[in-house]
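S.K.: Next up, target26.cif (mmCIF, C-alpha atoms).
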data_model
#
loop_
_atom_site.label_atom_id
_atom_site.label_comp_id
_atom_site.auth_asym_id
_atom_site.auth_seq_id
_atom_site.Cartn_x
_atom_site.Cartn_y
_atom_site.Cartn_z
CA MET A 1 5.11 -6.78 -12.87
CA LEU A 2 5.47 -2.98 -12.59
CA THR A 3 8.10 -0.92 -14.38
CA ILE A 4 8.43 2.83 -13.91
CA LYS A 5 10.89 4.76 -16.06
CA ASN A 6 11.91 8.42 -15.73
CA ILE A 7 8.70 9.61 -14.12
CA ASN A 8 8.27 13.35 -13.57
CA THR A 9 5.33 14.61 -11.55
CA TYR A 10 4.39 18.18 -10.69
CA TYR A 11 2.09 19.88 -8.20
CA GLY A 12 1.53 23.10 -10.08
CA LYS A 13 5.06 24.46 -10.52
CA VAL A 14 6.54 22.21 -7.83
CA HIS A 15 8.62 19.41 -9.35
CA ALA A 16 7.71 16.59 -6.93
CA LEU A 17 9.23 13.58 -8.72
CA LYS A 18 12.34 13.94 -10.85
CA ASN A 19 13.18 11.19 -13.34
CA VAL A 20 12.25 8.42 -10.91
CA SER A 21 12.65 4.83 -12.07
CA LEU A 22 11.83 1.68 -10.13
CA HIS A 23 10.39 -1.79 -10.62
CA LEU A 24 8.51 -4.48 -8.74
CA ARG A 25 8.54 -8.20 -9.47
CA LYS A 26 5.46 -10.31 -8.88
CA GLY A 27 5.09 -11.32 -5.23
CA GLU A 28 7.65 -8.84 -3.90
CA ILE A 29 7.29 -6.43 -1.02
CA VAL A 30 9.19 -3.26 -1.92
CA THR A 31 9.42 -0.24 0.35
CA LEU A 32 9.97 3.45 -0.30
CA ILE A 33 11.69 5.29 2.53
CA GLY A 34 12.63 8.92 2.92
CA ALA A 35 11.95 12.05 4.90
CA ASN A 36 8.65 13.93 4.82
CA GLY A 37 8.30 15.67 1.48
CA ALA A 38 10.66 13.29 -0.31
CA GLY A 39 7.97 12.24 -2.80
CA LYS A 40 6.86 8.89 -1.40
CA THR A 41 3.11 9.57 -1.38
CA THR A 42 3.41 11.34 -4.72
CA MET A 43 4.91 8.15 -6.15
CA LEU A 44 1.88 6.13 -5.07
CA ASN A 45 -0.53 8.80 -6.31
CA THR A 46 1.27 8.85 -9.64
CA ILE A 47 0.96 5.10 -10.09
CA SER A 48 -2.74 5.15 -9.23
CA ALA A 49 -3.35 8.17 -11.52
CA VAL A 50 -4.53 10.43 -8.71
CA THR A 51 -1.65 12.74 -9.69
CA PRO A 52 -0.74 11.76 -13.27
CA PRO A 53 2.87 12.20 -14.39
CA SER A 54 3.86 14.84 -16.90
CA ALA A 55 6.57 12.63 -18.39
CA GLY A 56 7.83 9.06 -18.17
CA ASN A 57 6.32 5.61 -18.47
CA ILE A 58 4.43 3.29 -16.13
CA VAL A 59 3.88 -0.26 -17.36
CA PHE A 60 1.86 -2.79 -15.35
CA GLU A 61 1.85 -6.39 -16.53
CA GLU A 62 2.94 -5.23 -20.00
CA ARG A 63 0.14 -2.63 -20.12
CA ASP A 64 1.04 1.04 -20.52
CA LEU A 65 -0.96 3.04 -17.96
CA ALA A 66 -0.52 6.41 -19.69
CA GLY A 67 -3.72 8.44 -19.70
CA LEU A 68 -5.85 5.92 -17.78
CA PRO A 69 -8.17 7.29 -15.05
CA PRO A 70 -7.96 6.01 -11.45
CA ASP A 71 -10.99 3.71 -11.74
CA ARG A 72 -9.42 1.98 -14.72
CA ILE A 73 -6.18 1.54 -12.78
CA VAL A 74 -8.14 -0.19 -10.02
CA LYS A 75 -9.91 -2.42 -12.52
CA LEU A 76 -6.54 -3.49 -13.94
CA GLY A 77 -5.46 -4.70 -10.50
CA ILE A 78 -3.76 -1.81 -8.67
CA CYS A 79 -5.34 -0.46 -5.50
CA GLN A 80 -4.08 2.15 -3.04
CA VAL A 81 -4.64 2.39 0.70
CA PRO A 82 -4.23 6.12 1.35
CA GLU A 83 -2.40 7.81 4.18
CA GLY A 84 -4.79 8.63 7.01
CA ARG A 85 -7.14 5.73 6.19
CA GLN A 86 -9.89 7.93 4.66
CA VAL A 87 -12.73 5.55 5.46
CA PHE A 88 -16.33 6.65 4.91
CA LYS A 89 -17.05 7.48 8.53
CA PRO A 90 -20.89 7.62 8.54
CA LEU A 91 -21.14 4.24 6.81
CA SER A 92 -20.89 0.88 8.53
CA VAL A 93 -17.78 -1.27 8.35
CA GLU A 94 -19.53 -3.69 6.02
CA ASP A 95 -20.77 -0.91 3.71
CA ASN A 96 -17.21 0.43 3.48
CA LEU A 97 -16.01 -3.02 2.46
CA HIS A 98 -18.74 -3.39 -0.15
CA LEU A 99 -17.67 -0.07 -1.66
CA GLY A 100 -14.26 -1.60 -2.28
CA ALA A 101 -15.95 -4.08 -4.61
CA TYR A 102 -17.94 -1.39 -6.45
CA LEU A 103 -16.37 -2.03 -9.85
CA ARG A 104 -16.92 -5.76 -9.45
CA TYR A 105 -20.63 -5.26 -8.80
CA ARG A 106 -20.83 -3.34 -12.07
CA GLY A 107 -19.34 -6.29 -13.94
CA ARG A 108 -20.54 -9.85 -14.39
CA GLU A 109 -19.10 -11.20 -11.20
CA GLY A 110 -21.53 -13.01 -8.92
CA ARG A 111 -22.45 -11.62 -5.54
CA ALA A 112 -21.65 -14.99 -3.96
CA GLU A 113 -18.00 -14.60 -4.96
CA ILE A 114 -17.89 -11.10 -3.49
CA ARG A 115 -19.45 -12.47 -0.32
CA ARG A 116 -16.69 -15.08 -0.08
CA ASP A 117 -14.10 -12.33 -0.40
CA LEU A 118 -15.85 -10.42 2.38
CA ASP A 119 -15.56 -13.50 4.59
CA ASP A 120 -11.84 -13.67 3.75
CA ILE A 121 -11.40 -10.07 4.92
CA TYR A 122 -13.13 -10.90 8.19
CA ALA A 123 -10.82 -13.89 8.60
CA LEU A 124 -7.79 -11.65 8.01
CA PHE A 125 -9.08 -8.96 10.39
CA PRO A 126 -11.46 -10.59 12.90
CA ARG A 127 -12.11 -7.27 14.64
CA LEU A 128 -13.88 -6.02 11.53
CA LEU A 129 -16.31 -8.92 11.79
CA GLU A 130 -17.05 -7.99 15.40
CA ARG A 131 -17.76 -4.40 14.31
CA ARG A 132 -19.31 -5.00 10.89
CA LYS A 133 -22.49 -3.05 11.71
CA GLN A 134 -20.64 -0.26 13.51
CA ALA A 135 -20.09 3.16 11.92
CA ALA A 136 -16.56 3.38 10.56
CA GLY A 137 -15.99 6.73 12.24
CA THR A 138 -16.37 5.15 15.69
CA LEU A 139 -13.53 2.67 15.16
CA SER A 140 -10.09 3.06 16.68
CA GLY A 141 -7.22 4.18 14.45
CA GLY A 142 -5.94 0.63 14.12
CA GLU A 143 -9.37 -0.70 13.22
CA GLN A 144 -9.80 2.03 10.62
CA GLN A 145 -6.45 1.01 9.10
CA MET A 146 -7.65 -2.59 8.92
CA LEU A 147 -10.85 -1.37 7.29
CA ALA A 148 -8.99 0.73 4.72
CA MET A 149 -6.85 -2.28 3.82
CA GLY A 150 -9.88 -4.57 3.69
CA ARG A 151 -11.73 -2.13 1.45
CA ALA A 152 -8.81 -2.11 -0.98
CA LEU A 153 -8.56 -5.90 -0.93
CA MET A 154 -12.23 -6.19 -1.91
CA ALA A 155 -11.16 -4.92 -5.33
CA ARG A 156 -8.91 -8.02 -5.63
CA PRO A 157 -5.69 -6.12 -6.38
CA ARG A 158 -2.60 -7.89 -7.61
CA LEU A 159 -0.56 -4.83 -6.63
CA LEU A 160 -1.35 -3.12 -3.32
CA LEU A 161 -0.04 0.39 -2.64
CA LEU A 162 0.19 1.07 1.10
CA ASP A 163 0.78 4.59 2.37
CA GLU A 164 1.98 4.85 5.99
CA PRO A 165 -0.06 1.95 7.43
CA SER A 166 1.57 2.28 10.87
CA MET A 167 1.04 6.02 11.30
CA GLY A 168 -0.29 6.90 14.75
CA LEU A 169 -0.84 3.29 15.80
CA ALA A 170 0.26 1.44 18.92
CA PRO A 171 3.16 -1.02 18.47
CA LEU A 172 1.01 -4.13 18.97
CA VAL A 173 -1.46 -2.95 16.35
CA VAL A 174 1.39 -2.20 13.94
CA GLN A 175 2.66 -5.75 14.37
CA GLU A 176 -0.81 -7.04 13.50
CA ILE A 177 -0.98 -4.85 10.39
CA PHE A 178 2.47 -5.90 9.21
CA ARG A 179 1.77 -9.58 9.78
CA ALA A 180 -1.37 -9.19 7.65
CA ILE A 181 0.76 -7.70 4.86
CA GLU A 182 3.10 -10.68 4.94
CA GLN A 183 0.12 -13.03 5.03
CA LEU A 184 -1.30 -11.41 1.89
CA ARG A 185 1.97 -12.03 0.08
CA GLN A 186 2.31 -15.61 1.30
CA GLU A 187 -1.30 -16.73 0.81
CA ARG A 188 -2.45 -14.61 -2.14
CA GLY A 189 0.80 -13.72 -3.84
CA THR A 190 -0.08 -10.02 -3.55
CA THR A 191 2.68 -7.65 -4.61
CA VAL A 192 3.10 -4.70 -2.23
CA LEU A 193 4.65 -1.26 -2.63
CA LEU A 194 4.96 0.10 0.89
CA VAL A 195 5.53 3.68 2.03
CA GLU A 196 6.42 3.61 5.70
CA GLN A 197 7.91 6.20 8.03
CA ASN A 198 9.24 3.47 10.29
CA ALA A 199 12.07 2.58 7.94
CA LYS A 200 13.50 -0.20 10.10
CA ALA A 201 10.18 -2.03 10.30
CA ALA A 202 9.60 -1.60 6.58
CA LEU A 203 13.05 -2.81 5.54
CA ARG A 204 12.87 -5.84 7.83
CA MET A 205 9.67 -6.94 6.10
CA ALA A 206 10.47 -5.92 2.51
CA ASP A 207 12.58 -7.71 -0.09
CA ARG A 208 14.01 -4.52 -1.55
CA GLY A 209 13.89 -0.79 -0.95
CA TYR A 210 14.34 2.58 -2.59
CA VAL A 211 15.44 5.74 -0.77
CA LEU A 212 13.88 8.98 -1.99
CA GLU A 213 15.27 12.45 -1.32
CA THR A 214 13.65 15.61 -2.70
CA GLY A 215 11.90 13.68 -5.46
CA LYS A 216 14.85 11.57 -6.58
CA VAL A 217 15.90 7.97 -5.99
CA VAL A 218 19.29 8.28 -4.31
CA LEU A 219 19.77 4.67 -3.24
CA GLU A 220 18.24 1.27 -3.95
CA GLY A 221 19.00 -2.31 -3.09
CA LEU A 222 18.16 -5.38 -1.08
CA SER A 223 16.56 -4.52 2.23
CA SER A 224 19.30 -6.38 4.09
CA ASP A 225 21.92 -4.20 2.40
CA LEU A 226 20.04 -0.97 3.11
CA LEU A 227 19.70 -1.93 6.76
CA GLU A 228 23.49 -2.16 6.96
CA ASN A 229 24.15 1.00 4.96
CA ASN A 230 25.76 3.68 7.15
CA ASP A 231 23.99 6.59 5.43
CA VAL A 232 20.59 4.90 5.75
CA GLN A 233 21.28 4.05 9.38
CA ARG A 234 22.28 7.61 10.17
CA ALA A 235 19.35 9.25 8.37
CA TYR A 236 16.46 6.81 8.92
CA LEU A 237 17.37 4.06 11.39
CA GLY A 238 18.20 5.98 14.54
CA LYS A 239 19.65 3.59 17.09
CA ASP A 240 17.55 5.11 19.85
CA LYS A 241 14.27 4.28 18.13
CA LYS A 242 12.30 1.42 19.64
CA GLU A 243 11.78 -1.45 17.24
CA ILE A 244 8.14 -2.42 16.76
CA TRP A 245 8.60 -5.27 14.38
CA GLU A 246 10.34 -8.57 14.91
CA ARG A 247 10.29 -11.39 12.44
#
The structure given in the file should be rewritten as structure tokens.
M.R.:
Amino acid sequence: MLTIKNINTYYGKVHALKNVSLHLRKGEIVTLIGANGAGKTTMLNTISAVTPPSAGNIVFEERDLAGLPPDRIVKLGICQVPEGRQVFKPLSVEDNLHLGAYLRYRGREGRAEIRRDLDDIYALFPRLLERRKQAAGTLSGGEQQMLAMGRALMARPRLLLLDEPSMGLAPLVVQEIFRAIEQLRQERGTTVLLVEQNAKAALRMADRGYVLETGKVVLEGLSSDLLENNDVQRAYLGKDKKEIWER
């Protein structure tokens, strides 16, 4: 579904991604793990054209994404949920969700179909239905994360890019978020590229993983293998960390 070959991305003179290659098959959950500054968020921003690469190739469903602007990337079926949620705080929950379908309103798609998708989001995250008229800025952190995911899903992505969905959230809320991710894969067939600081939780949910260090892929493999890898355990899966995810 997505093939990335030898991507190089810069922030000014800083070489953030160095010849990175990875791939995702349709319906997979793949995770990127690594320390802060390893290039995980940059990878997502590069795919979504927020920070375009200076070299390399990104192909999505046999379509070369070179030179396409972010709105075109979304229209093709790739949508990113950014780190820190970044909801539109003065707007209501429902208005935030409608903004996720902005490009669909501009097309020929009927409003009834968009309304059905809105109902699906409320079914996935019932708390958003309870707070649909509430200003987004008054929601809890977990509710804002649900809203950010729901807003992205209103664009009907086939590939969802998730950046640190568990950051700053209570363990029970994280479990709810992660179960929603698995539900999206099972019920919609959504492919997910997940950046997650809680490496153990991410690897337990994902099919495969890539380890980034200073802008390079240093290890890749099945999640089950990475969980058993001594170097990964030592660097990212500290035995004293409390697990927040159980299958």
S.K.: Please write as number ranges by chain the full residue list that the PyMOL selection byres ((chain A and resi 36) around 10) yields on this file.
M.R.: A: 33-35, 37-41, 197, 212-214
S.K.: Mind dumping the selected residues with C-alpha atoms as a PDB file, in the coordinates of the input?
M.R.:
ATOM      1  CA  ILE A  33      11.690   5.290   2.530  1.00  0.00           C
ATOM      2  CA  GLY A  34      12.630   8.920   2.920  1.00  0.00           C
ATOM      3  CA  ALA A  35      11.950  12.050   4.900  1.00  0.00           C
ATOM      4  CA  GLY A  37       8.300  15.670   1.480  1.00  0.00           C
ATOM      5  CA  ALA A  38      10.660  13.290  -0.310  1.00  0.00           C
ATOM      6  CA  GLY A  39       7.970  12.240  -2.800  1.00  0.00           C
ATOM      7  CA  LYS A  40       6.860   8.890  -1.400  1.00  0.00           C
ATOM      8  CA  THR A  41       3.110   9.570  -1.380  1.00  0.00           C
ATOM      9  CA  GLN A 197       7.910   6.200   8.030  1.00  0.00           C
ATOM     10  CA  LEU A 212      13.880   8.980  -1.990  1.00  0.00           C
ATOM     11  CA  GLU A 213      15.270  12.450  -1.320  1.00  0.00           C
ATOM     12  CA  THR A 214      13.650  15.610  -2.700  1.00  0.00           C
TER      13      THR A 214
END
S.K.: Please indicate the distance in Å from CA of Val87 (chain A) to CA of Thr46 (chain A), rounded to one decimal place.
M.R.: 20.9 Å
S.K.: Could you name the residues that touch Lys89 (chain A) at 12 Å or less, counting only C-alpha atoms, but leaving out those on the same chain fewer than 3 positions away, as a PyMOL selection string?
M.R.: chain A and resi 85-86+92-96+134-141+144+147-148
S.K.: Enclose the full set of atoms of region 189-193 of chain A listed in the file within a box whose edges lie along x, y and z, apply 4 Å of padding to each of the six sides, and report centre and edge lengths in Å to one decimal as lines of an AutoDock Vina configuration file.
M.R.:
center_x = 2.3
center_y = -7.5
center_z = -3.4
size_x = 12.7
size_y = 20.5
size_z = 10.4
S.K.: So what do you get for CA of Val192 (chain A) versus CA of Val14 (chain A), distance-wise?
M.R.: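 So the answer is 27.7 Å.
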S.K.: Evaluated on this file, the PyMOL selection byres ((chain A and resi 174) around 12) picks out some residues - which ones are they, written as a PyMOL selection string?
M.R.: chain A and resi 141-143+145-146+164-173+175-181+196+198+201-202+243-246
S.K.: Mind telling me what the PyMOL selection byres ((chain A and resi 124) around 12) catches here, as a list of chain:residue names?
M.R.: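 Taken on the displayed file, the PyMOL selection byres ((chain A and resi 124) around 12) yields the residues A:Asp117, A:Leu118, A:Asp119, A:Asp120, A:Ile121, A:Tyr122, A:Ala123, A:Phe125, A:Pro126, A:Arg127, A:Leu128, A:Leu129, A:Met146, A:Leu147, A:Met149, A:Gly150, A:Leu153, A:Glu176, A:Ile177, A:Phe178, A:Arg179, A:Ala180, A:Ile181, A:Glu182, A:Gln183, A:Leu184, A:Glu187, A:Arg188.
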S.K.: Take CA of Asn6 (chain A) and CA of Leu65 (chain A) and report the distance between them in Å, one decimal.
M.R.: 14.1 Å
S.K.: Taking all atoms listed in the file into account, which of A:Asn19, A:Thr51, A:Gln80, A:Asn57 comes nearest Val218 (chain A)?
M.R.: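 Closest to Val218 (chain A) of all the choices is A:Asn19.
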S.K.: Restricting the calculation to all atoms listed in the file, which member of A:Arg25, A:Lys75, A:Arg151, A:Lys18 is positioned closest to Met43 (chain A)?
M.R.: A:Lys18
S.K.: Between A:Pro52, A:Gly67, A:Gly77, A:Gly84, which is the closest to Met154 (chain A) once you count only C-alpha atoms?
M.R.: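 Distance minimum relative to Met154 (chain A) lands on A:Gly77.
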S.K.: Can you rebuild region 10-38 of chain A with N, CA and C atoms and give it as a PDB file, keeping the file's coordinate frame?
M.R.:
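Listing of selection.pdb after writing:
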ATOM      1  N   TYR A  10       4.429  16.815 -11.210  1.00  0.00           N
ATOM      2  CA  TYR A  10       4.390  18.180 -10.690  1.00  0.00           C
ATOM      3  C   TYR A  10       3.117  18.410  -9.884  1.00  0.00           C
ATOM      4  N   TYR A  11       3.232  19.256  -8.854  1.00  0.00           N
ATOM      5  CA  TYR A  11       2.090  19.880  -8.200  1.00  0.00           C
ATOM      6  C   TYR A  11       2.149  21.358  -8.563  1.00  0.00           C
ATOM      7  N   GLY A  12       1.394  21.734  -9.580  1.00  0.00           N
ATOM      8  CA  GLY A  12       1.530  23.100 -10.080  1.00  0.00           C
ATOM      9  C   GLY A  12       2.926  23.284 -10.648  1.00  0.00           C
ATOM     10  N   LYS A  13       3.686  24.221 -10.069  1.00  0.00           N
ATOM     11  CA  LYS A  13       5.060  24.460 -10.520  1.00  0.00           C
ATOM     12  C   LYS A  13       6.095  23.678  -9.698  1.00  0.00           C
ATOM     13  N   VAL A  14       5.623  22.975  -8.689  1.00  0.00           N
ATOM     14  CA  VAL A  14       6.540  22.210  -7.830  1.00  0.00           C
ATOM     15  C   VAL A  14       6.864  20.879  -8.484  1.00  0.00           C
ATOM     16  N   HIS A  15       8.152  20.646  -8.719  1.00  0.00           N
ATOM     17  CA  HIS A  15       8.620  19.410  -9.350  1.00  0.00           C
ATOM     18  C   HIS A  15       8.779  18.357  -8.260  1.00  0.00           C
ATOM     19  N   ALA A  16       7.750  17.506  -8.068  1.00  0.00           N
ATOM     20  CA  ALA A  16       7.710  16.590  -6.930  1.00  0.00           C
ATOM     21  C   ALA A  16       8.492  15.309  -7.150  1.00  0.00           C
ATOM     22  N   LEU A  17       8.454  14.770  -8.370  1.00  0.00           N
ATOM     23  CA  LEU A  17       9.230  13.580  -8.720  1.00  0.00           C
ATOM     24  C   LEU A  17      10.098  13.888  -9.918  1.00  0.00           C
ATOM     25  N   LYS A  18      11.375  13.530  -9.840  1.00  0.00           N
ATOM     26  CA  LYS A  18      12.340  13.940 -10.850  1.00  0.00           C
ATOM     27  C   LYS A  18      13.040  12.716 -11.449  1.00  0.00           C
ATOM     28  N   ASN A  19      12.567  12.304 -12.606  1.00  0.00           N
ATOM     29  CA  ASN A  19      13.180  11.190 -13.340  1.00  0.00           C
ATOM     30  C   ASN A  19      13.319   9.936 -12.469  1.00  0.00           C
ATOM     31  N   VAL A  20      12.240   9.588 -11.795  1.00  0.00           N
ATOM     32  CA  VAL A  20      12.250   8.420 -10.910  1.00  0.00           C
ATOM     33  C   VAL A  20      12.004   7.151 -11.717  1.00  0.00           C
ATOM     34  N   SER A  21      12.828   6.149 -11.463  1.00  0.00           N
ATOM     35  CA  SER A  21      12.650   4.830 -12.070  1.00  0.00           C
ATOM     36  C   SER A  21      12.703   3.775 -10.965  1.00  0.00           C
ATOM     37  N   LEU A  22      11.807   2.807 -11.051  1.00  0.00           N
ATOM     38  CA  LEU A  22      11.830   1.680 -10.130  1.00  0.00           C
ATOM     39  C   LEU A  22      11.039   0.531 -10.741  1.00  0.00           C
ATOM     40  N   HIS A  23      11.137  -0.646 -10.116  1.00  0.00           N
ATOM     41  CA  HIS A  23      10.390  -1.790 -10.620  1.00  0.00           C
ATOM     42  C   HIS A  23       9.996  -2.697  -9.463  1.00  0.00           C
ATOM     43  N   LEU A  24       8.943  -3.468  -9.691  1.00  0.00           N
ATOM     44  CA  LEU A  24       8.510  -4.480  -8.740  1.00  0.00           C
ATOM     45  C   LEU A  24       8.297  -5.786  -9.501  1.00  0.00           C
ATOM     46  N   ARG A  25       8.802  -6.870  -8.926  1.00  0.00           N
ATOM     47  CA  ARG A  25       8.540  -8.200  -9.470  1.00  0.00           C
ATOM     48  C   ARG A  25       7.301  -8.779  -8.770  1.00  0.00           C
ATOM     49  N   LYS A  26       6.655  -9.688  -9.430  1.00  0.00           N
ATOM     50  CA  LYS A  26       5.460 -10.310  -8.880  1.00  0.00           C
ATOM     51  C   LYS A  26       5.777 -10.979  -7.541  1.00  0.00           C
ATOM     52  N   GLY A  27       4.941 -10.706  -6.543  1.00  0.00           N
ATOM     53  CA  GLY A  27       5.090 -11.320  -5.230  1.00  0.00           C
ATOM     54  C   GLY A  27       6.069 -10.638  -4.303  1.00  0.00           C
ATOM     55  N   GLU A  28       6.698  -9.561  -4.745  1.00  0.00           N
ATOM     56  CA  GLU A  28       7.650  -8.840  -3.900  1.00  0.00           C
ATOM     57  C   GLU A  28       6.934  -7.875  -2.944  1.00  0.00           C
ATOM     58  N   ILE A  29       7.609  -7.590  -1.836  1.00  0.00           N
ATOM     59  CA  ILE A  29       7.290  -6.430  -1.020  1.00  0.00           C
ATOM     60  C   ILE A  29       8.460  -5.472  -1.164  1.00  0.00           C
ATOM     61  N   VAL A  30       8.177  -4.288  -1.695  1.00  0.00           N
ATOM     62  CA  VAL A  30       9.190  -3.260  -1.920  1.00  0.00           C
ATOM     63  C   VAL A  30       8.784  -2.024  -1.128  1.00  0.00           C
ATOM     64  N   THR A  31       9.734  -1.412  -0.456  1.00  0.00           N
ATOM     65  CA  THR A  31       9.420  -0.240   0.350  1.00  0.00           C
ATOM     66  C   THR A  31      10.101   1.013  -0.187  1.00  0.00           C
ATOM     67  N   LEU A  32       9.415   2.129  -0.027  1.00  0.00           N
ATOM     68  CA  LEU A  32       9.970   3.450  -0.300  1.00  0.00           C
ATOM     69  C   LEU A  32      10.202   4.133   1.037  1.00  0.00           C
ATOM     70  N   ILE A  33      11.419   4.575   1.292  1.00  0.00           N
ATOM     71  CA  ILE A  33      11.690   5.290   2.530  1.00  0.00           C
ATOM     72  C   ILE A  33      12.286   6.654   2.188  1.00  0.00           C
ATOM     73  N   GLY A  34      12.143   7.563   3.129  1.00  0.00           N
ATOM     74  CA  GLY A  34      12.630   8.920   2.920  1.00  0.00           C
ATOM     75  C   GLY A  34      11.972   9.859   3.897  1.00  0.00           C
ATOM     76  N   ALA A  35      12.491  11.053   3.988  1.00  0.00           N
ATOM     77  CA  ALA A  35      11.950  12.050   4.900  1.00  0.00           C
ATOM     78  C   ALA A  35      10.601  12.565   4.397  1.00  0.00           C
ATOM     79  N   ASN A  36       9.884  13.272   5.253  1.00  0.00           N
ATOM     80  CA  ASN A  36       8.650  13.930   4.820  1.00  0.00           C
ATOM     81  C   ASN A  36       8.942  14.871   3.663  1.00  0.00           C
ATOM     82  N   GLY A  37       8.101  14.811   2.640  1.00  0.00           N
ATOM     83  CA  GLY A  37       8.300  15.670   1.480  1.00  0.00           C
ATOM     84  C   GLY A  37       9.244  15.120   0.437  1.00  0.00           C
ATOM     85  N   ALA A  38       9.707  13.878   0.639  1.00  0.00           N
ATOM     86  CA  ALA A  38      10.660  13.290  -0.310  1.00  0.00           C
ATOM     87  C   ALA A  38      10.007  12.856  -1.612  1.00  0.00           C
TER      88      ALA A  38
END
